[in-house]
$ cat run10.txt   # compact mmCIF, C-alpha atoms
# COMPACT_ATOMS: atom_id res chain seq x y z
CA MET A 1 15.72 -16.74 6.67
CA LYS A 2 14.78 -15.30 3.28
CA GLY A 3 12.19 -12.80 2.13
CA LEU A 4 9.69 -13.16 -0.69
CA VAL A 5 8.01 -9.95 -1.91
CA LEU A 6 5.04 -10.25 -4.24
CA ALA A 7 5.06 -7.30 -6.64
CA GLY A 8 3.46 -8.77 -9.74
CA GLY A 9 -0.20 -7.80 -9.37
CA SER A 10 -1.98 -5.54 -11.85
CA GLY A 11 -3.56 -3.14 -9.33
CA THR A 12 -6.99 -2.87 -10.94
CA ARG A 13 -8.46 -1.02 -7.93
CA LEU A 14 -5.95 1.83 -8.40
CA ARG A 15 -6.71 2.44 -12.05
CA PRO A 16 -6.17 4.64 -13.99
CA ILE A 17 -2.88 5.23 -12.09
CA THR A 18 -1.86 1.58 -12.59
CA HIS A 19 -2.53 1.60 -16.32
CA THR A 20 0.93 3.16 -16.62
CA SER A 21 2.63 2.43 -13.32
CA ALA A 22 3.15 -0.40 -10.82
CA LYS A 23 0.80 -0.15 -7.85
CA GLN A 24 3.68 -0.96 -5.48
CA LEU A 25 5.46 2.21 -6.61
CA VAL A 26 2.67 4.67 -5.80
CA PRO A 27 4.30 6.93 -3.19
CA VAL A 28 3.35 7.41 0.45
CA ALA A 29 4.92 10.56 1.88
CA ASN A 30 6.88 10.74 -1.40
CA ARG A 31 8.31 7.23 -0.99
CA PRO A 32 6.96 4.16 -2.82
CA VAL A 33 5.07 1.63 -0.70
CA LEU A 34 7.45 -1.07 -1.93
CA PHE A 35 10.40 0.77 -0.37
CA TYR A 36 8.76 0.55 3.06
CA VAL A 37 8.34 -3.22 2.54
CA LEU A 38 12.04 -3.69 1.79
CA GLN A 39 12.98 -1.52 4.76
CA SER A 40 10.81 -3.67 7.04
CA LEU A 41 12.51 -6.86 5.87
CA ALA A 42 15.98 -5.37 6.34
CA GLU A 43 15.09 -4.18 9.85
CA ALA A 44 14.05 -7.75 10.67
CA GLY A 45 17.47 -9.04 9.59
CA ILE A 46 16.22 -10.53 6.30
CA THR A 47 18.70 -9.59 3.58
CA GLU A 48 18.16 -12.19 0.83
CA VAL A 49 14.95 -11.19 -0.92
CA GLY A 50 13.21 -12.72 -3.92
CA MET A 51 10.85 -10.35 -5.69
CA ILE A 52 8.00 -11.70 -7.80
CA VAL A 53 7.43 -9.40 -10.79
CA GLY A 54 5.07 -9.42 -13.76
CA ASP A 55 4.18 -6.95 -16.49
CA THR A 56 5.68 -4.01 -14.56
CA ALA A 57 9.01 -5.79 -13.99
CA ALA A 58 11.11 -3.20 -15.85
CA GLU A 59 9.69 -0.29 -13.85
CA ILE A 60 10.19 -2.09 -10.54
CA ARG A 61 13.77 -3.05 -11.46
CA ASP A 62 14.54 0.57 -12.34
CA ALA A 63 13.16 1.78 -9.00
CA VAL A 64 14.60 -0.90 -6.70
CA GLY A 65 17.82 -1.90 -8.45
CA ASP A 66 19.84 -4.59 -6.71
CA GLY A 67 18.38 -3.65 -3.31
CA SER A 68 21.69 -2.51 -1.82
CA ARG A 69 20.40 0.92 -0.79
CA PHE A 70 17.79 -0.84 1.36
CA GLY A 71 20.32 -3.22 2.87
CA VAL A 72 19.07 -6.27 0.96
CA GLU A 73 20.07 -8.32 -2.08
CA ILE A 74 17.26 -8.70 -4.63
CA THR A 75 16.70 -11.69 -6.89
CA TYR A 76 13.96 -10.98 -9.45
CA ILE A 77 11.59 -13.85 -10.22
CA ARG A 78 9.26 -13.64 -13.21
CA GLN A 79 5.59 -14.63 -12.83
CA ASP A 80 3.84 -14.68 -16.20
CA LYS A 81 0.37 -14.26 -14.67
CA PRO A 82 -0.77 -13.40 -11.12
CA LEU A 83 -2.38 -16.76 -10.34
CA GLY A 84 -2.61 -16.45 -6.58
CA LEU A 85 -0.32 -15.91 -3.60
CA ALA A 86 0.51 -19.61 -3.35
CA HIS A 87 1.49 -19.54 -7.02
CA GLY A 88 4.02 -16.86 -6.14
CA VAL A 89 5.61 -19.26 -3.65
CA LEU A 90 5.53 -21.99 -6.28
CA VAL A 91 7.47 -20.00 -8.88
CA ALA A 92 9.98 -18.94 -6.21
CA ARG A 93 10.69 -22.52 -5.12
CA GLU A 94 14.25 -22.63 -6.46
CA PHE A 95 15.17 -19.29 -4.83
CA LEU A 96 13.67 -20.22 -1.46
CA GLY A 97 15.27 -23.66 -1.26
CA ASP A 98 14.85 -25.24 2.18
CA ASP A 99 15.04 -21.97 4.11
CA ASP A 100 12.39 -20.43 6.31
CA PHE A 101 10.96 -17.32 4.68
CA ALA A 102 8.76 -14.27 5.20
CA MET A 103 6.31 -13.60 2.39
CA TYR A 104 5.33 -9.92 2.19
CA LEU A 105 2.75 -8.53 -0.23
CA GLY A 106 4.33 -5.53 -1.93
CA ASP A 107 1.27 -3.28 -1.61
CA ASN A 108 0.76 -3.82 2.14
CA PHE A 109 1.83 -1.30 4.72
CA ILE A 110 2.59 -2.03 8.39
CA VAL A 111 3.67 1.21 9.98
CA ASP A 112 5.56 -0.35 12.91
CA GLY A 113 7.32 -3.03 10.85
CA ILE A 114 7.53 -6.79 11.37
CA VAL A 115 10.55 -7.22 13.65
CA PRO A 116 8.72 -8.69 16.70
CA PHE A 117 6.79 -11.19 14.57
CA VAL A 118 9.92 -12.43 12.80
CA GLU A 119 11.80 -12.72 16.09
CA GLU A 120 8.95 -14.72 17.60
CA PHE A 121 8.86 -17.04 14.58
CA ARG A 122 12.60 -17.63 14.81
CA ARG A 123 12.33 -18.57 18.50
CA GLU A 124 9.47 -21.03 18.18
CA SER A 125 9.02 -24.38 16.48
CA VAL A 126 6.01 -23.86 14.21
CA ASP A 127 5.26 -24.47 10.56
CA ALA A 128 3.65 -21.11 9.91
CA ARG A 129 2.76 -17.86 11.62
CA ILE A 130 0.11 -15.55 10.21
CA LEU A 131 -0.59 -11.92 11.08
CA LEU A 132 -4.16 -10.79 11.72
CA SER A 133 -5.95 -7.49 12.09
CA LYS A 134 -9.57 -6.66 12.91
CA VAL A 135 -11.42 -5.09 9.97
CA ALA A 136 -14.85 -3.59 9.40
CA ASP A 137 -15.58 -5.65 6.25
CA PRO A 138 -14.06 -9.16 6.48
CA THR A 139 -15.68 -10.23 3.19
CA ALA A 140 -12.94 -8.34 1.32
CA PHE A 141 -10.09 -10.36 2.89
CA GLY A 142 -8.87 -13.79 3.83
CA VAL A 143 -10.40 -14.42 7.26
CA ALA A 144 -9.13 -16.52 10.18
CA GLU A 145 -11.27 -18.42 12.67
CA LEU A 146 -9.77 -18.98 16.14
CA ASP A 147 -10.95 -21.39 18.82
CA GLU A 148 -11.50 -20.51 22.49
CA ARG A 149 -7.76 -20.95 23.15
CA GLY A 150 -6.84 -18.55 20.38
CA GLU A 151 -5.57 -21.33 18.09
CA VAL A 152 -6.10 -21.02 14.33
CA VAL A 153 -8.69 -23.59 13.24
CA GLY A 154 -9.86 -22.28 9.89
CA LEU A 155 -9.09 -19.88 7.04
CA VAL A 156 -11.39 -18.76 4.24
CA GLU A 157 -10.61 -16.43 1.34
CA LYS A 158 -13.15 -13.57 0.98
CA PRO A 159 -16.02 -15.44 2.69
CA GLU A 160 -19.62 -14.47 2.04
CA PHE A 161 -20.44 -15.14 5.69
CA PRO A 162 -17.27 -14.50 7.77
CA LYS A 163 -16.84 -16.37 11.06
CA SER A 164 -14.71 -13.58 12.53
CA ASP A 165 -13.53 -10.04 11.83
CA LEU A 166 -9.86 -11.07 11.80
CA ALA A 167 -8.37 -10.44 8.38
CA LEU A 168 -5.12 -11.91 7.16
CA VAL A 169 -2.47 -9.21 6.92
CA GLY A 170 -0.21 -9.46 3.89
CA VAL A 171 2.76 -10.94 5.76
CA TYR A 172 3.21 -14.70 6.24
CA LEU A 173 6.04 -16.62 7.91
CA PHE A 174 6.71 -20.18 6.72
CA THR A 175 9.11 -23.06 7.03
CA ALA A 176 10.03 -25.07 3.94
CA GLY A 177 7.18 -27.48 4.75
CA ILE A 178 4.76 -25.19 2.94
CA HIS A 179 6.23 -26.21 -0.43
CA GLU A 180 5.00 -29.81 -0.31
CA VAL A 181 1.51 -28.53 0.48
CA ILE A 182 1.45 -25.96 -2.32
CA ARG A 183 2.66 -28.54 -4.80
CA THR A 184 -0.59 -30.48 -4.29
CA LEU A 185 -3.02 -27.52 -4.44
CA THR A 186 -5.61 -27.13 -7.15
CA PRO A 187 -6.96 -23.73 -8.29
CA SER A 188 -9.87 -22.28 -6.37
CA ALA A 189 -13.15 -21.09 -7.90
CA ARG A 190 -11.31 -17.83 -8.64
CA GLY A 191 -8.79 -19.77 -10.72
CA GLU A 192 -5.97 -19.09 -8.26
CA LEU A 193 -3.74 -21.08 -5.94
CA GLU A 194 -4.86 -19.65 -2.60
CA ILE A 195 -2.40 -19.26 0.26
CA THR A 196 -5.36 -19.66 2.62
CA ASP A 197 -5.95 -23.16 1.18
CA ALA A 198 -2.30 -24.01 1.75
CA ILE A 199 -2.36 -22.85 5.38
CA GLN A 200 -5.66 -24.67 5.95
CA ARG A 201 -4.01 -27.85 4.65
CA LEU A 202 -1.25 -27.39 7.22
CA ILE A 203 -3.88 -27.10 9.95
CA ASP A 204 -5.79 -30.15 8.70
CA ASP A 205 -2.55 -32.16 8.63
CA GLY A 206 -1.88 -31.34 12.28
CA ARG A 207 0.96 -28.92 11.59
CA ARG A 208 1.53 -26.02 13.98
CA VAL A 209 0.08 -22.74 12.71
CA ARG A 210 0.12 -19.77 15.07
CA SER A 211 -1.16 -16.21 14.74
CA SER A 212 -0.32 -12.72 15.97
CA GLU A 213 -2.76 -9.83 15.99
CA ILE A 214 -1.40 -6.51 14.81
CA THR A 215 -2.50 -3.74 17.14
CA GLY A 216 -0.74 -0.97 15.23
CA TYR A 217 -1.53 0.47 11.84
CA TRP A 218 -1.92 -1.82 8.82
CA LYS A 219 -3.40 -1.19 5.40
CA ASP A 220 -3.72 -3.03 2.12
CA THR A 221 -3.11 -0.05 -0.16
CA GLY A 222 -5.32 -1.45 -2.88
CA ASN A 223 -7.50 1.59 -3.56
CA VAL A 224 -7.28 5.37 -3.56
CA GLN A 225 -8.92 5.89 -0.17
CA ASP A 226 -6.52 3.43 1.47
CA MET A 227 -3.56 5.16 -0.16
CA LEU A 228 -4.69 8.51 1.21
CA GLU A 229 -5.18 7.04 4.68
CA VAL A 230 -1.71 5.49 4.70
CA ASN A 231 -0.26 8.77 3.47
CA ARG A 232 -2.00 10.55 6.36
CA GLU A 233 -0.66 8.05 8.90
CA VAL A 234 2.94 8.36 7.68
CA LEU A 235 2.81 12.14 7.47
CA GLU A 236 1.73 12.24 11.12
CA ARG A 237 5.25 11.00 11.93
CA VAL A 238 7.37 13.32 9.79
CA GLU A 239 9.86 15.68 11.39
CA PRO A 240 9.90 19.24 10.04
CA LEU A 241 12.82 19.99 7.72
CA VAL A 242 12.94 22.92 5.31
CA GLU A 243 15.85 22.68 2.87
CA GLY A 244 14.27 24.32 -0.17
CA ASP A 245 14.04 28.00 -1.07
CA VAL A 246 11.12 29.58 0.81
CA ASP A 247 10.60 33.33 0.51
CA GLU A 248 9.52 35.68 3.30
CA ALA A 249 6.03 36.04 1.85
CA SER A 250 5.40 32.34 2.44
CA GLU A 251 4.23 30.67 5.65
CA ILE A 252 5.18 27.20 6.88
CA VAL A 253 3.06 25.88 9.75
CA GLY A 254 3.59 22.60 11.64
CA ARG A 255 5.42 19.46 10.50
CA VAL A 256 6.45 20.27 6.95
CA VAL A 257 9.27 18.87 4.83
CA VAL A 258 10.48 20.98 1.90
CA ALA A 259 13.12 19.07 -0.04
CA PRO A 260 16.25 20.64 -1.56
CA GLY A 261 15.65 22.38 -4.87
CA ALA A 262 12.01 23.18 -4.13
CA VAL A 263 11.01 26.82 -4.60
CA VAL A 264 8.13 28.25 -2.56
CA ARG A 265 6.84 31.74 -3.35
CA ASN A 266 3.97 33.60 -1.63
CA SER A 267 2.45 30.29 -0.50
CA ARG A 268 1.13 28.71 2.68
CA ILE A 269 1.88 25.12 3.70
CA ILE A 270 0.07 23.61 6.69
CA GLY A 271 1.57 20.37 7.97
CA PRO A 272 1.88 17.56 8.12
CA ALA A 273 2.94 17.80 4.50
CA VAL A 274 5.88 16.90 2.26
CA ILE A 275 7.07 18.92 -0.74
CA GLY A 276 9.46 17.07 -3.05
CA ALA A 277 12.71 18.14 -4.67
CA GLY A 278 12.49 20.56 -7.57
CA CYS A 279 8.87 21.56 -6.90
CA GLU A 280 7.58 25.04 -7.72
CA LEU A 281 4.86 26.46 -5.48
CA THR A 282 3.60 29.93 -6.34
CA ASP A 283 0.56 31.62 -4.76
CA ALA A 284 -0.42 28.17 -3.52
CA TYR A 285 -2.02 26.63 -0.45
CA ILE A 286 -0.94 23.11 0.56
CA GLY A 287 -3.13 21.76 3.34
CA PRO A 288 -2.60 18.99 5.90
CA PHE A 289 -1.90 15.37 4.90
CA THR A 290 -0.64 16.26 1.43
CA SER A 291 2.38 14.83 -0.39
CA VAL A 292 3.64 16.68 -3.44
CA SER A 293 6.25 14.59 -5.25
CA ASP A 294 9.43 15.71 -7.01
CA GLY A 295 9.23 18.11 -9.92
CA CYS A 296 5.63 19.22 -9.43
CA ARG A 297 4.27 22.68 -10.16
CA VAL A 298 1.41 24.18 -8.13
CA VAL A 299 0.37 27.70 -9.08
CA ARG A 300 -2.63 29.70 -7.75
CA SER A 301 -4.15 26.48 -6.44
CA GLU A 302 -5.20 24.83 -3.19
CA ILE A 303 -4.65 21.17 -2.30
CA GLU A 304 -5.20 19.17 0.88
CA PHE A 305 -5.42 15.50 1.95
CA SER A 306 -4.01 14.43 -1.41
CA ILE A 307 -1.11 12.68 -3.14
CA VAL A 308 0.48 14.32 -6.17
CA LEU A 309 2.85 12.13 -8.16
CA PRO A 310 6.06 13.38 -9.83
CA ASP A 311 6.09 16.13 -12.46
CA ALA A 312 2.38 16.91 -12.22
CA SER A 313 1.19 20.47 -12.85
CA ILE A 314 -1.78 22.11 -11.11
CA GLU A 315 -2.67 25.69 -11.99
CA GLY A 316 -5.61 27.96 -11.20
CA VAL A 317 -7.60 25.33 -9.30
CA SER A 318 -9.61 26.61 -6.34
CA ARG A 319 -9.48 23.49 -4.14
CA LEU A 320 -8.52 19.82 -4.58
CA GLN A 321 -9.28 17.40 -1.76
CA ALA A 322 -8.87 13.63 -1.28
CA SER A 323 -7.24 13.36 -4.71
CA LEU A 324 -4.57 11.18 -6.30
CA ILE A 325 -2.93 13.01 -9.21
CA GLY A 326 -0.82 10.93 -11.56
CA ARG A 327 2.66 11.45 -12.98
CA ARG A 328 2.96 14.36 -15.41
CA ALA A 329 -0.79 15.02 -15.11
CA VAL A 330 -1.95 18.55 -15.89
CA VAL A 331 -4.86 20.09 -13.97
CA THR A 332 -6.07 23.56 -14.90
CA ALA A 333 -9.16 25.65 -14.26
CA ALA A 334 -12.01 25.35 -16.73
CA PRO A 335 -13.15 28.55 -18.46
CA ARG A 336 -16.07 30.21 -16.77
CA VAL A 337 -19.43 29.94 -18.54
CA PRO A 338 -22.68 31.74 -17.68
CA ASN A 339 -24.92 29.77 -15.35
CA SER A 340 -28.29 28.95 -16.82
CA THR A 341 -31.21 26.62 -16.22
CA ARG A 342 -33.55 25.23 -18.86
CA LEU A 343 -37.03 24.28 -17.70
CA VAL A 344 -40.01 22.58 -19.26
CA LEU A 345 -42.74 22.86 -16.63
CA GLY A 346 -46.24 21.57 -16.55
CA ASP A 347 -49.21 23.61 -15.44
CA HIS A 348 -49.39 24.53 -11.75
CA SER A 349 -45.75 23.46 -11.17
CA SER A 350 -43.76 24.68 -8.18
CA VAL A 351 -39.93 24.77 -8.54
CA GLN A 352 -37.18 25.99 -6.25
CA LEU A 353 -33.89 26.99 -7.88
CA PRO A 354 -30.59 27.82 -6.16
CA MET A 355 -29.66 31.50 -5.99
$ encode --input "run10.txt" --output "structure tokens"
Amino acid sequence: MKGLVLAGGSGTRLRPITHTSAKQLVPVANRPVLFYVLQSLAEAGITEVGMIVGDTAAEIRDAVGDGSRFGVEITYIRQDKPLGLAHGVLVAREFLGDDDFAMYLGDNFIVDGIVPFVEEFRRESVDARILLSKVADPTAFGVAELDERGEVVGLVEKPEFPKSDLALVGVYLFTAGIHEVIRTLTPSARGELEITDAIQRLIDDGRRVRSSEITGYWKDTGNVQDMLEVNREVLERVEPLVEGDVDEASEIVGRVVVAPGAVVRNSRIIGPAVIGAGCELTDAYIGPFTSVSDGCRVVRSEIEFSIVLPDASIEGVSRLQASLIGRRAVVTAAPRVPNSTRLVLGDHSSVQLPM
């Protein structure tokens, strides 16, 4: 069984971060989302992995390499334009051959991995297995409709009027039979080859399509809020480990990781939190659910429930919350200016101003 990781999207919902970086490499607990994907495949015994890449191919190659440190062997496959998930399968046809495969979207995060779903697929005789999760807003996802027996009877991509609240998770398990279906697809109204159309064709042709509902944590890390939520979930599981240089004037509370080479002076860190290698924290407060990546500098500032990417500098800032700070970004305090209010009031006006 092979793996196919789709890492060619442009990540428009994570801009401006993705103007200069691949969305799959935005870190969760100081580790890129894409690394968790590769780890999940390796844990499931899938070691031959094709990776679909686009405009950010060079950056992803530099980060992932040949895949050996994750226990997999990577074959990079160029996709000139992101023309749909089924198009990703189409351009990977030569790599996939006649093998069964697991397709994993490179910006999806399943905290408990995919081992049981892959094992179930290997045991059974089906043409496809899809993973589902209940969501609050099904209109933002591909949605599955099940009959009274729990069988998959219909799939619709981002429906205006969803027939269920079961969203397609970004992991799909297929036999080689999916290729003949995709070869005959035509682009949808969005101009893409939809994987939902391909799976629906399997259903219409009487092929066996089964589903599994994920009861654990899953997120499509497509926007900032989702990234922060995934970061929170992963940090909940960290084990405390302080390897950096922390002085006696500093306080470490709860599950906190301080990587080697980090220097913490007169600061307070409340876990769960992760401080990367080579960071400098001086007169700082790092609150819960915060990841500070390698090489960052935080001076006389407070941060909580945030992700700070490598080599960023934050100085003199009273409090940052729910923030995503990009690589080598610089955040400083603005100069104080006198408060004033200009009014043009009509006769008999009544105005209340803050103190």
$ closest_residue --input "run10.txt" --among "A:Val224, A:Val171, A:Ile46, A:Val263" --to "Leu131 of chain A" --atoms "all atoms listed in the file"
A:Val171
$ residues_around --input "run10.txt" --residues "Phe141 of chain A" --least-positions-apart "4" --cutoff "9 Å" --atoms "only C-alpha atoms" --output "VMD selection string"
chain A and resid 135 137 156 to 159 166 to 169
$ residues_around --input "run10.txt" --residues "Ile286 of chain A" --least-positions-apart "4" --cutoff "6 Å" --atoms "only C-alpha atoms" --output "MDAnalysis selection string"
chainID A and resid 269 302:304
$ closest_residue --input "run10.txt" --among "A:Glu239, A:Glu160, A:Asp99, A:Asp283" --to "Val299 of chain A" --atoms "only C-alpha atoms"
A:Asp283
$ residues_around --input "run10.txt" --residues "segment 197-214 of chain A" --least-positions-apart "3" --cutoff "10 Å" --atoms "all atoms listed in the file" --output "ChimeraX atom specification"
/A:85-86,110,112,114,116-117,120-121,124-134,144,146,150-157,166-169,172-174,177-188,193-194,217-218
$ residues_around --input "run10.txt" --residues "Ser293 of chain A" --least-positions-apart "3" --cutoff "9 Å" --atoms "only C-alpha atoms" --output "PyMOL selection string"
chain A and resi 27+29-31+274-279+296+307-312
$ atom_distance --input "run10.txt" --atom1 "atom CA of Asp107 of chain A" --atom2 "atom CA of Leu38 of chain A"
11.3 Å
$ atom_distance --input "run10.txt" --atom1 "atom CA of Ile252 of chain A" --atom2 "atom CA of Gly271 of chain A"
7.8 Å
$ closest_residue --input "run10.txt" --among "A:Gly254, A:Gly50, A:Gly244, A:Gly326" --to "Leu281 of chain A" --atoms "all atoms listed in the file"
A:Gly244
$ atom_distance --input "run10.txt" --atom1 "atom CA of Arg122 of chain A" --atom2 "atom CA of His87 of chain A"
24.6 Å
$ closest_residue --input "run10.txt" --among "A:Ile195, A:Leu34, A:Leu4, A:Val118" --to "Thr75 of chain A" --atoms "all atoms listed in the file"
A:Leu4
$ closest_residue --input "run10.txt" --among "A:Thr282, A:Ser40, A:Thr196, A:Ser250" --to "Asn108 of chain A" --atoms "only C-alpha atoms"
A:Ser40
$ closest_residue --input "run10.txt" --among "A:Arg232, A:Lys163, A:Arg328, A:Arg265" --to "Asp247 of chain A" --atoms "all atoms listed in the file"
A:Arg265
$ build_atoms --input "run10.txt" --residues "segment 65-86 of chain A" --atoms "N, CA and C atoms" --output "compact mmCIF listing (two decimals), in the coordinates of the input"
# COMPACT_ATOMS: atom_id res chain seq x y z
N GLY A 65 16.44 -1.51 -8.17
CA GLY A 65 17.82 -1.90 -8.45
C GLY A 65 18.18 -3.22 -7.81
N ASP A 66 19.40 -3.33 -7.32
CA ASP A 66 19.84 -4.59 -6.71
C ASP A 66 19.46 -4.69 -5.23
N GLY A 67 18.82 -3.63 -4.70
CA GLY A 67 18.38 -3.65 -3.31
C GLY A 67 19.40 -3.15 -2.31
N SER A 68 20.61 -2.84 -2.76
CA SER A 68 21.69 -2.51 -1.82
C SER A 68 21.39 -1.26 -1.00
N ARG A 69 20.68 -0.29 -1.57
CA ARG A 69 20.40 0.92 -0.79
C ARG A 69 19.39 0.68 0.31
N PHE A 70 18.71 -0.48 0.28
CA PHE A 70 17.79 -0.84 1.36
C PHE A 70 18.43 -1.84 2.33
N GLY A 71 19.65 -2.24 2.03
CA GLY A 71 20.32 -3.22 2.87
C GLY A 71 19.95 -4.65 2.57
N VAL A 72 19.45 -4.91 1.34
CA VAL A 72 19.07 -6.27 0.96
C VAL A 72 19.66 -6.59 -0.42
N GLU A 73 19.63 -7.86 -0.75
CA GLU A 73 20.07 -8.32 -2.08
C GLU A 73 18.85 -8.91 -2.79
N ILE A 74 18.49 -8.32 -3.94
CA ILE A 74 17.26 -8.70 -4.63
C ILE A 74 17.55 -9.72 -5.73
N THR A 75 16.74 -10.77 -5.77
CA THR A 75 16.70 -11.69 -6.89
C THR A 75 15.32 -11.57 -7.52
N TYR A 76 15.25 -11.16 -8.79
CA TYR A 76 13.96 -10.98 -9.45
C TYR A 76 13.47 -12.31 -10.03
N ILE A 77 12.20 -12.58 -9.81
CA ILE A 77 11.59 -13.85 -10.22
C ILE A 77 10.36 -13.54 -11.05
N ARG A 78 10.35 -13.97 -12.29
CA ARG A 78 9.26 -13.64 -13.21
C ARG A 78 8.05 -14.55 -12.97
N GLN A 79 6.87 -13.92 -12.89
CA GLN A 79 5.59 -14.63 -12.83
C GLN A 79 4.78 -14.17 -14.03
N ASP A 80 4.49 -15.07 -14.95
CA ASP A 80 3.84 -14.68 -16.20
C ASP A 80 2.43 -14.14 -15.97
N LYS A 81 1.71 -14.74 -15.02
CA LYS A 81 0.37 -14.26 -14.67
C LYS A 81 0.21 -14.32 -13.16
N PRO A 82 -0.52 -13.35 -12.56
CA PRO A 82 -0.77 -13.40 -11.12
C PRO A 82 -1.86 -14.42 -10.81
N LEU A 83 -1.44 -15.63 -10.52
CA LEU A 83 -2.38 -16.76 -10.34
C LEU A 83 -2.54 -17.14 -8.88
N GLY A 84 -2.40 -16.18 -7.99
CA GLY A 84 -2.61 -16.45 -6.58
C GLY A 84 -1.32 -16.35 -5.78
N LEU A 85 -1.49 -16.07 -4.46
CA LEU A 85 -0.32 -15.91 -3.60
C LEU A 85 0.49 -17.20 -3.51
N ALA A 86 -0.20 -18.34 -3.43
CA ALA A 86 0.51 -19.61 -3.35
C ALA A 86 1.28 -19.88 -4.64
